[in-house]
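Structure file coords38.pdb (PDB, C-alpha atoms) is printed below.
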```pdb
ATOM      1  CA  MET A   1       0.000   0.000   0.000
ATOM      2  CA  GLU A   2       2.685   2.461   1.023
ATOM      3  CA  ALA A   3       4.793   1.416  -1.934
ATOM      4  CA  ILE A   4       1.942   2.271  -4.333
ATOM      5  CA  VAL A   5       1.560   5.681  -2.698
ATOM      6  CA  PHE A   6       5.306   6.217  -3.001
ATOM      7  CA  TYR A   7       5.363   5.454  -6.723
ATOM      8  CA  LEU A   8       2.328   7.684  -7.352
ATOM      9  CA  LEU A   9       4.002  10.528  -5.443
ATOM     10  CA  ALA A  10       7.250   9.949  -7.324
ATOM     11  CA  ALA A  11       5.327  10.276 -10.600
ATOM     12  CA  VAL A  12       3.732  13.516  -9.367
ATOM     13  CA  VAL A  13       7.163  14.882  -8.393
ATOM     14  CA  LEU A  14       8.764  14.024 -11.720
ATOM     15  CA  ILE A  15       5.887  15.269 -13.889
ATOM     16  CA  GLY A  16       5.501  18.465 -11.861
ATOM     17  CA  THR A  17       9.203  19.200 -12.128
ATOM     18  CA  LEU A  18       9.188  18.430 -15.852
ATOM     19  CA  PHE A  19       6.340  20.906 -16.388
ATOM     20  CA  ALA A  20       8.132  23.429 -14.188
ATOM     21  CA  ILE A  21      11.362  23.388 -16.156
ATOM     22  CA  THR A  22       9.583  23.592 -19.504
ATOM     23  CA  ALA A  23       7.035  26.236 -18.501
ATOM     24  CA  ARG A  24       6.968  29.326 -20.646
ATOM     25  CA  GLN A  25       6.181  31.702 -17.802
ATOM     26  CA  ALA A  26       8.030  31.870 -14.518
ATOM     27  CA  VAL A  27       4.800  32.087 -12.511
ATOM     28  CA  ARG A  28       3.549  28.804 -13.930
ATOM     29  CA  ALA A  29       6.908  27.207 -13.210
ATOM     30  CA  ILE A  30       6.596  28.271  -9.571
ATOM     31  CA  VAL A  31       3.089  26.847  -9.238
ATOM     32  CA  TYR A  32       4.119  23.519 -10.786
ATOM     33  CA  LEU A  33       7.101  23.446  -8.474
ATOM     34  CA  VAL A  34       4.910  23.987  -5.415
ATOM     35  CA  THR A  35       2.860  20.945  -6.468
ATOM     36  CA  SER A  36       6.026  18.940  -6.854
ATOM     37  CA  PHE A  37       7.294  20.053  -3.431
ATOM     38  CA  PHE A  38       4.050  19.043  -1.736
ATOM     39  CA  ALA A  39       4.410  15.557  -3.205
ATOM     40  CA  LEU A  40       8.049  15.501  -2.108
ATOM     41  CA  ALA A  41       6.987  16.450   1.423
ATOM     42  CA  LEU A  42       4.636  13.464   1.449
ATOM     43  CA  ILE A  43       7.523  11.257   0.328
ATOM     44  CA  PHE A  44       9.548  12.594   3.259
ATOM     45  CA  TYR A  45       6.661  11.673   5.534
ATOM     46  CA  LEU A  46       6.578   8.154   4.105
ATOM     47  CA  LEU A  47      10.324   7.887   4.686
ATOM     48  CA  GLY A  48       9.760   8.476   8.387
ATOM     49  CA  ALA A  49      10.716  12.152   8.575
ATOM     50  CA  PRO A  50       7.564  14.043   9.635
ATOM     51  CA  LEU A  51       9.513  17.076  10.836
ATOM     52  CA  VAL A  52      11.394  17.479   7.563
ATOM     53  CA  ALA A  53       8.091  17.052   5.706
ATOM     54  CA  ALA A  54       6.531  19.858   7.763
ATOM     55  CA  PHE A  55       9.530  22.122   7.154
ATOM     56  CA  GLU A  56       9.423  21.329   3.444
ATOM     57  CA  VAL A  57       5.816  22.496   3.269
ATOM     58  CA  ILE A  58       6.249  25.510   5.547
ATOM     59  CA  ILE A  59       9.617  26.832   4.409
ATOM     60  CA  TYR A  60      10.051  25.554   0.847
ATOM     61  CA  ALA A  61       6.542  25.618  -0.564
ATOM     62  CA  GLY A  62       5.321  28.305   1.816
ATOM     63  CA  ALA A  63       8.160  30.776   2.134
ATOM     64  CA  ILE A  64      10.781  30.331  -0.559
ATOM     65  CA  MET A  65       8.404  29.803  -3.462
ATOM     66  CA  VAL A  66       6.237  32.697  -2.306
ATOM     67  CA  LEU A  67       9.391  34.818  -2.180
ATOM     68  CA  PHE A  68      10.059  33.861  -5.796
ATOM     69  CA  LEU A  69       6.476  34.744  -6.739
ATOM     70  CA  PHE A  70       6.783  38.043  -4.890
ATOM     71  CA  VAL A  71       9.960  39.004  -6.753
ATOM     72  CA  ILE A  72       8.503  37.950 -10.119
ATOM     73  CA  MET A  73       5.393  40.044  -9.530
ATOM     74  CA  MET A  74       7.369  42.974  -8.135
ATOM     75  CA  LEU A  75       9.631  43.090 -11.177
ATOM     76  CA  GLN A  76       6.635  42.531 -13.498
ATOM     77  CA  LEU A  77       8.211  39.572 -15.223
ATOM     78  CA  GLY A  78       4.827  37.935 -15.677
ATOM     79  CA  GLN A  79       4.556  38.825 -19.338
ATOM     80  CA  PRO A  80       5.969  35.958 -21.359
ATOM     81  CA  GLU A  81       7.206  38.174 -24.142
ATOM     82  CA  LYS A  82       9.635  39.949 -21.841
ATOM     83  CA  LEU A  83      11.326  36.740 -20.793
ATOM     84  CA  PRO A  84      13.686  35.084 -23.257
ATOM     85  CA  THR A  85      12.616  31.469 -23.605
ATOM     86  CA  PRO A  86      15.342  28.955 -24.429
ATOM     87  CA  ARG A  87      15.531  27.920 -28.037
ATOM     88  CA  LEU A  88      15.922  24.312 -29.081
ATOM     89  CA  SER A  89      19.646  24.851 -29.456
ATOM     90  CA  ASP A  90      19.756  25.837 -25.779
ATOM     91  CA  TRP A  91      18.119  22.584 -24.773
ATOM     92  CA  TRP A  92      20.442  20.107 -26.406
ATOM     93  CA  PRO A  93      23.290  20.182 -23.830
ATOM     94  CA  ALA A  94      20.716  19.697 -21.092
ATOM     95  CA  LEU A  95      19.090  16.853 -23.014
ATOM     96  CA  VAL A  96      22.442  15.160 -23.621
ATOM     97  CA  LEU A  97      23.237  15.468 -19.920
ATOM     98  CA  MET A  98      19.869  14.069 -18.890
ATOM     99  CA  ALA A  99      20.122  11.180 -21.347
ATOM    100  CA  LEU A 100      23.584  10.365 -20.014
ATOM    101  CA  LEU A 101      22.400  10.410 -16.424
ATOM    102  CA  VAL A 102      19.258   8.373 -17.102
ATOM    103  CA  ALA A 103      21.319   5.824 -19.054
ATOM    104  CA  SER A 104      23.820   5.501 -16.229
ATOM    105  CA  VAL A 105      21.010   5.082 -13.695
ATOM    106  CA  LEU A 106      19.458   2.370 -15.838
ATOM    107  CA  VAL A 107      22.804   0.584 -16.200
ATOM    108  CA  ILE A 108      23.394   0.660 -12.456
ATOM    109  CA  ALA A 109      19.832  -0.481 -11.732
ATOM    110  CA  ALA A 110      20.124  -3.359 -14.205
ATOM    111  CA  ALA A 111      23.572  -4.469 -13.061
ATOM    112  CA  SER A 112      23.054  -4.521  -9.319
ATOM    113  CA  GLN A 113      21.555  -7.644  -7.831
ATOM    114  CA  GLN A 114      19.141  -5.938  -5.541
ATOM    115  CA  ALA A 115      19.308  -6.941  -1.907
ATOM    116  CA  PRO A 116      15.882  -7.353  -0.303
ATOM    117  CA  ALA A 117      14.531  -4.166   1.141
ATOM    118  CA  ALA A 118      15.493  -3.896   4.774
ATOM    119  CA  GLY A 119      12.497  -1.706   5.504
ATOM    120  CA  PHE A 120      12.797   1.906   6.480
ATOM    121  CA  GLN A 121      12.976   2.776  10.140
ATOM    122  CA  GLN A 122      10.971   5.493  11.767
ATOM    123  CA  ILE A 123      12.960   8.208  13.533
ATOM    124  CA  SER A 124      11.006   9.853  16.293
ATOM    125  CA  VAL A 125      10.931  13.600  16.717
ATOM    126  CA  ARG A 126      12.476  13.116  20.164
ATOM    127  CA  GLN A 127      15.460  11.253  18.702
ATOM    128  CA  PHE A 128      15.816  13.896  15.994
ATOM    129  CA  SER A 129      15.745  16.872  18.323
ATOM    130  CA  GLU A 130      18.071  15.264  20.873
ATOM    131  CA  ALA A 131      20.675  14.754  18.175
ATOM    132  CA  LEU A 132      20.065  18.251  16.796
ATOM    133  CA  PHE A 133      20.502  20.136  20.036
ATOM    134  CA  THR A 134      23.231  18.075  21.694
ATOM    135  CA  ARG A 135      25.564  16.716  19.027
ATOM    136  CA  TYR A 136      24.900  19.440  16.468
ATOM    137  CA  GLY A 137      24.341  22.403  18.796
ATOM    138  CA  VAL A 138      27.285  24.340  17.380
ATOM    139  CA  ALA A 139      25.955  23.868  13.862
ATOM    140  CA  VAL A 140      22.608  25.359  14.899
ATOM    141  CA  GLU A 141      24.409  28.426  16.254
ATOM    142  CA  ILE A 142      26.439  28.798  13.066
ATOM    143  CA  ILE A 143      23.289  28.468  10.936
ATOM    144  CA  SER A 144      21.618  31.216  12.953
ATOM    145  CA  MET A 145      24.645  33.479  12.444
ATOM    146  CA  GLN A 146      24.531  32.723   8.726
ATOM    147  CA  LEU A 147      20.843  33.607   8.521
ATOM    148  CA  LEU A 148      21.629  36.908  10.242
ATOM    149  CA  PHE A 149      24.390  37.646   7.725
ATOM    150  CA  ALA A 150      22.041  36.797   4.853
ATOM    151  CA  LEU A 151      19.464  39.184   6.315
ATOM    152  CA  VAL A 152      22.016  42.008   6.557
ATOM    153  CA  GLY A 153      23.243  41.321   3.023
ATOM    154  CA  ALA A 154      19.734  41.296   1.601
ATOM    155  CA  LEU A 155      18.927  44.571   3.359
ATOM    156  CA  TYR A 156      22.129  46.129   1.990
ATOM    157  CA  LEU A 157      21.399  44.987  -1.554
ATOM    158  CA  GLY A 158      17.764  45.985  -1.424
ATOM    159  CA  ARG A 159      18.047  49.493  -0.043
ATOM    160  CA  ARG A 160      17.305  52.448  -2.289
ATOM    161  CA  ARG A 161      20.136  54.829  -3.052
TER     162      ARG A 161
ATOM    163  CA  MET B   1       7.471   1.244   3.861
ATOM    164  CA  SER B   2       8.681  -1.533   1.622
ATOM    165  CA  VAL B   3      10.363   0.398  -1.151
ATOM    166  CA  PRO B   4      14.006  -0.461  -1.818
ATOM    167  CA  LEU B   5      16.460   2.315  -1.145
ATOM    168  CA  TYR B   6      17.709   2.398  -4.679
ATOM    169  CA  HIS B   7      14.300   3.334  -6.066
ATOM    170  CA  VAL B   8      14.395   6.436  -3.877
ATOM    171  CA  LEU B   9      17.931   7.115  -5.082
ATOM    172  CA  ILE B  10      16.812   6.777  -8.716
ATOM    173  CA  LEU B  11      14.043   9.305  -8.045
ATOM    174  CA  ALA B  12      16.567  11.665  -6.455
ATOM    175  CA  SER B  13      19.002  11.357  -9.347
ATOM    176  CA  LEU B  14      16.265  12.006 -11.910
ATOM    177  CA  LEU B  15      15.192  15.063  -9.943
ATOM    178  CA  PHE B  16      18.803  16.255  -9.798
ATOM    179  CA  ALA B  17      19.183  15.774 -13.552
ATOM    180  CA  MET B  18      16.039  17.823 -14.145
ATOM    181  CA  GLY B  19      17.379  20.644 -11.973
ATOM    182  CA  LEU B  20      20.688  20.580 -13.791
ATOM    183  CA  ALA B  21      18.895  20.622 -17.152
ATOM    184  CA  CYS B  22      16.868  23.619 -15.963
ATOM    185  CA  VAL B  23      20.024  25.528 -15.007
ATOM    186  CA  ILE B  24      21.716  24.724 -18.310
ATOM    187  CA  ALA B  25      18.732  25.305 -20.594
ATOM    188  CA  TRP B  26      17.525  28.531 -18.949
ATOM    189  CA  ARG B  27      20.949  30.096 -18.594
ATOM    190  CA  ALA B  28      19.620  33.358 -20.040
ATOM    191  CA  ASN B  29      17.166  33.863 -17.173
ATOM    192  CA  VAL B  30      18.409  34.348 -13.625
ATOM    193  CA  ILE B  31      15.153  33.393 -11.918
ATOM    194  CA  MET B  32      14.774  30.075 -13.757
ATOM    195  CA  MET B  33      18.410  29.290 -12.936
ATOM    196  CA  LEU B  34      17.621  29.795  -9.240
ATOM    197  CA  ILE B  35      14.594  27.499  -9.601
ATOM    198  CA  GLY B  36      16.879  24.832 -11.068
ATOM    199  CA  ILE B  37      19.187  25.168  -8.072
ATOM    200  CA  GLU B  38      16.171  24.695  -5.788
ATOM    201  CA  ILE B  39      15.233  21.488  -7.608
ATOM    202  CA  MET B  40      18.776  20.151  -7.262
ATOM    203  CA  LEU B  41      18.873  20.949  -3.539
ATOM    204  CA  ASN B  42      15.578  19.114  -3.077
ATOM    205  CA  ALA B  43      17.031  16.044  -4.758
ATOM    206  CA  VAL B  44      19.966  16.171  -2.348
ATOM    207  CA  MET B  45      17.560  16.480   0.585
ATOM    208  CA  LEU B  46      15.653  13.422  -0.624
ATOM    209  CA  THR B  47      18.913  11.468  -0.684
ATOM    210  CA  PHE B  48      19.763  12.516   2.869
ATOM    211  CA  VAL B  49      16.321  11.633   4.229
ATOM    212  CA  ALA B  50      16.323   8.257   2.463
ATOM    213  CA  GLY B  51      19.738   7.409   3.898
ATOM    214  CA  SER B  52      18.596   8.479   7.323
ATOM    215  CA  ALA B  53      15.557   6.209   7.075
ATOM    216  CA  GLN B  54      17.568   3.294   5.739
ATOM    217  CA  TRP B  55      20.108   3.226   8.556
ATOM    218  CA  GLY B  56      17.911   4.580  11.334
ATOM    219  CA  ILE B  57      20.207   7.482  12.197
ATOM    220  CA  ALA B  58      18.860  11.010  12.609
ATOM    221  CA  ASP B  59      21.924  12.689  11.047
ATOM    222  CA  GLY B  60      20.524  12.725   7.523
ATOM    223  CA  GLN B  61      17.359  14.459   8.639
ATOM    224  CA  ILE B  62      19.396  17.003  10.601
ATOM    225  CA  PHE B  63      21.511  17.734   7.576
ATOM    226  CA  SER B  64      18.429  18.179   5.398
ATOM    227  CA  LEU B  65      17.062  20.623   7.974
ATOM    228  CA  MET B  66      20.310  22.599   7.764
ATOM    229  CA  LEU B  67      20.059  22.431   3.993
ATOM    230  CA  ILE B  68      16.642  24.107   4.235
ATOM    231  CA  ALA B  69      18.127  26.884   6.387
ATOM    232  CA  LEU B  70      21.060  27.338   4.012
ATOM    233  CA  THR B  71      18.710  27.441   1.037
ATOM    234  CA  SER B  72      16.518  30.094   2.586
ATOM    235  CA  ALA B  73      19.596  32.247   3.230
ATOM    236  CA  GLU B  74      20.866  31.667  -0.310
ATOM    237  CA  VAL B  75      17.513  32.434  -1.915
ATOM    238  CA  SER B  76      16.995  35.639   0.059
ATOM    239  CA  LEU B  77      20.422  36.927  -0.958
ATOM    240  CA  ALA B  78      20.089  35.807  -4.560
ATOM    241  CA  LEU B  79      16.651  37.362  -4.987
ATOM    242  CA  ALA B  80      17.874  40.611  -3.418
ATOM    243  CA  MET B  81      20.639  40.560  -5.994
ATOM    244  CA  VAL B  82      18.110  39.920  -8.779
ATOM    245  CA  VAL B  83      16.112  42.953  -7.622
ATOM    246  CA  TYR B  84      19.310  45.024  -7.552
ATOM    247  CA  LEU B  85      20.343  43.938 -11.047
ATOM    248  CA  HIS B  86      16.844  44.543 -12.376
ATOM    249  CA  ARG B  87      16.931  48.031 -10.912
ATOM    250  CA  ARG B  88      20.202  48.726 -12.701
ATOM    251  CA  LYS B  89      19.423  47.407 -16.174
ATOM    252  CA  GLN B  90      15.662  46.650 -16.194
ATOM    253  CA  SER B  91      16.376  43.063 -17.146
ATOM    254  CA  VAL B  92      17.002  39.621 -15.690
ATOM    255  CA  ASP B  93      18.795  38.361 -18.780
ATOM    256  CA  THR B  94      22.300  37.194 -17.935
ATOM    257  CA  ASP B  95      23.588  38.341 -21.321
ATOM    258  CA  ASP B  96      22.915  41.945 -20.312
ATOM    259  CA  PHE B  97      25.388  41.705 -17.456
ATOM    260  CA  ASP B  98      28.521  41.072 -19.464
ATOM    261  CA  SER B  99      30.339  44.297 -18.668
ATOM    262  CA  MET B 100      33.125  42.422 -16.886
ATOM    263  CA  LYS B 101      33.721  40.179 -19.879
ATOM    264  CA  GLY B 102      37.360  40.339 -20.909
TER     265      GLY B 102
END
```
structure tokens encoding of this file:
Amino acid sequence: MEAIVFYLLAAVVLIGTLFAITARQAVRAIVYLVTSFFALALIFYLLGAPLVAAFEVIIYAGAIMVLFLFVIMMLQLGQPEKLPTPRLSDWWPALVLMALLVASVLVIAAASQQAPAAGFQQISVRQFSEALFTRYGVAVEIISMQLLFALVGALYLGRRR
Amino acid sequence: MSVPLYHVLILASLLFAMGLACVIAWRANVIMMLIGIEIMLNAVMLTFVAGSAQWGIADGQIFSLMLIALTSAEVSLALAMVVYLHRRKQSVDTDDFDSMKG
């Protein structure tokens, strides 16, 4: 049952991302990407990471994508004629790269004798937060400093002269 | 959940390839390049969370949480820079910002 849900969500993620990277307007790309991120958050939940799933929805789909939308609307980039769309000649290096990567994935998947699935283990929020605030306490402090620096930098770049 | 780990890894690698293709194909548009970077970072997060679930250690989830924090910092700075560049040249086309080209 869970496996079926996982493959359906994986299909939603891949198709949403495919539509996002081929969208003609940036706003549509953002909306497709939000769909894809919601499905990815559900995959995180299935993989036993409810906290990461919640942060994915709140921060990625809720904050970062809305920030993108805000900038696109503020700069009035919504009109498709103002944005240069990639020509077919722009796509071929990307297509070659994707074909190479998909071929290598297929080769690896066909060559490996797959061990039986060990089954994913649930990690409780208690276990997660104990590790976060004891073993990685310094990293949390450094991340907070970095967010402060990013805030100062964004304010400096965004001020009117 | 009874999905083998390598199916999750295949999904993550396909997602990463799509993000990379987005960055390469839309290299004339700064905002679509940033979206491609977001897609790639999400693929990396999926890999971390899958590894964390496979081995039952919380470290992968912690690193994906830090990745979210790093991404929010990166996106706020990058979008501030996009606004600044747009204010200077009324464009988000990377070809317009070639004044340092040798």
**Request:** Apply the PyMOL selection byres ((chain B and resi 37) around 10) to the file shown and report the selected residues as a list in words.
**Result:**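 With the PyMOL selection byres ((chain B and resi 37) around 10) on this model, the match is Phe16, Gly19, Leu20, Cys22, Val23, Ile31, Met32, Met33, Leu34, Ile35, Gly36, Glu38, Ile39, Met40, Leu41, Asn42, Ala43, Thr71 and Val75 of chain B.
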Can you check which residues of chain B have any atom within 8 Å of chain A? Use all atoms listed in the file and format it as a PDB file with C-alpha atoms, in the frame of the given file.
```pdb
ATOM      1  CA  MET B   1       7.471   1.244   3.861  1.00  0.00           C
ATOM      2  CA  SER B   2       8.681  -1.533   1.622  1.00  0.00           C
ATOM      3  CA  VAL B   3      10.363   0.398  -1.151  1.00  0.00           C
ATOM      4  CA  PRO B   4      14.006  -0.461  -1.818  1.00  0.00           C
ATOM      5  CA  LEU B   5      16.460   2.315  -1.145  1.00  0.00           C
ATOM      6  CA  TYR B   6      17.709   2.398  -4.679  1.00  0.00           C
ATOM      7  CA  ILE B  10      16.812   6.777  -8.716  1.00  0.00           C
ATOM      8  CA  LEU B  11      14.043   9.305  -8.045  1.00  0.00           C
ATOM      9  CA  SER B  13      19.002  11.357  -9.347  1.00  0.00           C
ATOM     10  CA  LEU B  14      16.265  12.006 -11.910  1.00  0.00           C
ATOM     11  CA  LEU B  15      15.192  15.063  -9.943  1.00  0.00           C
ATOM     12  CA  ALA B  17      19.183  15.774 -13.552  1.00  0.00           C
ATOM     13  CA  MET B  18      16.039  17.823 -14.145  1.00  0.00           C
ATOM     14  CA  GLY B  19      17.379  20.644 -11.973  1.00  0.00           C
ATOM     15  CA  LEU B  20      20.688  20.580 -13.791  1.00  0.00           C
ATOM     16  CA  ALA B  21      18.895  20.622 -17.152  1.00  0.00           C
ATOM     17  CA  CYS B  22      16.868  23.619 -15.963  1.00  0.00           C
ATOM     18  CA  ILE B  24      21.716  24.724 -18.310  1.00  0.00           C
ATOM     19  CA  ALA B  25      18.732  25.305 -20.594  1.00  0.00           C
ATOM     20  CA  TRP B  26      17.525  28.531 -18.949  1.00  0.00           C
ATOM     21  CA  ALA B  28      19.620  33.358 -20.040  1.00  0.00           C
ATOM     22  CA  ASN B  29      17.166  33.863 -17.173  1.00  0.00           C
ATOM     23  CA  ILE B  31      15.153  33.393 -11.918  1.00  0.00           C
ATOM     24  CA  MET B  32      14.774  30.075 -13.757  1.00  0.00           C
ATOM     25  CA  GLY B  36      16.879  24.832 -11.068  1.00  0.00           C
ATOM     26  CA  ILE B  39      15.233  21.488  -7.608  1.00  0.00           C
ATOM     27  CA  LEU B  46      15.653  13.422  -0.624  1.00  0.00           C
ATOM     28  CA  VAL B  49      16.321  11.633   4.229  1.00  0.00           C
ATOM     29  CA  ALA B  50      16.323   8.257   2.463  1.00  0.00           C
ATOM     30  CA  ALA B  53      15.557   6.209   7.075  1.00  0.00           C
ATOM     31  CA  GLN B  54      17.568   3.294   5.739  1.00  0.00           C
ATOM     32  CA  TRP B  55      20.108   3.226   8.556  1.00  0.00           C
ATOM     33  CA  GLY B  56      17.911   4.580  11.334  1.00  0.00           C
ATOM     34  CA  ILE B  57      20.207   7.482  12.197  1.00  0.00           C
ATOM     35  CA  ALA B  58      18.860  11.010  12.609  1.00  0.00           C
ATOM     36  CA  ASP B  59      21.924  12.689  11.047  1.00  0.00           C
ATOM     37  CA  GLN B  61      17.359  14.459   8.639  1.00  0.00           C
ATOM     38  CA  ILE B  62      19.396  17.003  10.601  1.00  0.00           C
ATOM     39  CA  SER B  64      18.429  18.179   5.398  1.00  0.00           C
ATOM     40  CA  LEU B  65      17.062  20.623   7.974  1.00  0.00           C
ATOM     41  CA  MET B  66      20.310  22.599   7.764  1.00  0.00           C
ATOM     42  CA  ILE B  68      16.642  24.107   4.235  1.00  0.00           C
ATOM     43  CA  ALA B  69      18.127  26.884   6.387  1.00  0.00           C
ATOM     44  CA  LEU B  70      21.060  27.338   4.012  1.00  0.00           C
ATOM     45  CA  SER B  72      16.518  30.094   2.586  1.00  0.00           C
ATOM     46  CA  ALA B  73      19.596  32.247   3.230  1.00  0.00           C
ATOM     47  CA  GLU B  74      20.866  31.667  -0.310  1.00  0.00           C
ATOM     48  CA  VAL B  75      17.513  32.434  -1.915  1.00  0.00           C
ATOM     49  CA  SER B  76      16.995  35.639   0.059  1.00  0.00           C
ATOM     50  CA  LEU B  77      20.422  36.927  -0.958  1.00  0.00           C
ATOM     51  CA  LEU B  79      16.651  37.362  -4.987  1.00  0.00           C
ATOM     52  CA  ALA B  80      17.874  40.611  -3.418  1.00  0.00           C
ATOM     53  CA  MET B  81      20.639  40.560  -5.994  1.00  0.00           C
ATOM     54  CA  VAL B  83      16.112  42.953  -7.622  1.00  0.00           C
ATOM     55  CA  TYR B  84      19.310  45.024  -7.552  1.00  0.00           C
ATOM     56  CA  HIS B  86      16.844  44.543 -12.376  1.00  0.00           C
ATOM     57  CA  ASP B  93      18.795  38.361 -18.780  1.00  0.00           C
TER      58      ASP B  93
END
```
**Asked** How many Å lie between atom CA of B:Asp95 and atom CA of A:Tyr32, rounded to one decimal?
**Response** 26.6 Å
**Request:** Can you work out which one of B:Val92, B:Phe48, B:Gly60, B:Leu85 has the shortest atom-to-atom distance to A:Gln76, counting all atoms listed in the file?
**Result:**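 Selected residue with least distance to A:Gln76: B:Val92.
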**Request:** Would you mind reading off the distance between atom CA of B:Leu9 and atom CA of A:Arg24, one decimal, in Å?
**Result:**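 Between atom CA of B:Leu9 and atom CA of A:Arg24 the gap is 29.3 Å.
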**Request:** Provide the atom CA of A:Val57 to atom CA of A:Thr35 distance in Å, to one decimal place.
**Result:**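 Answer for the atom CA of A:Val57 to atom CA of A:Thr35 separation: 10.3 Å.
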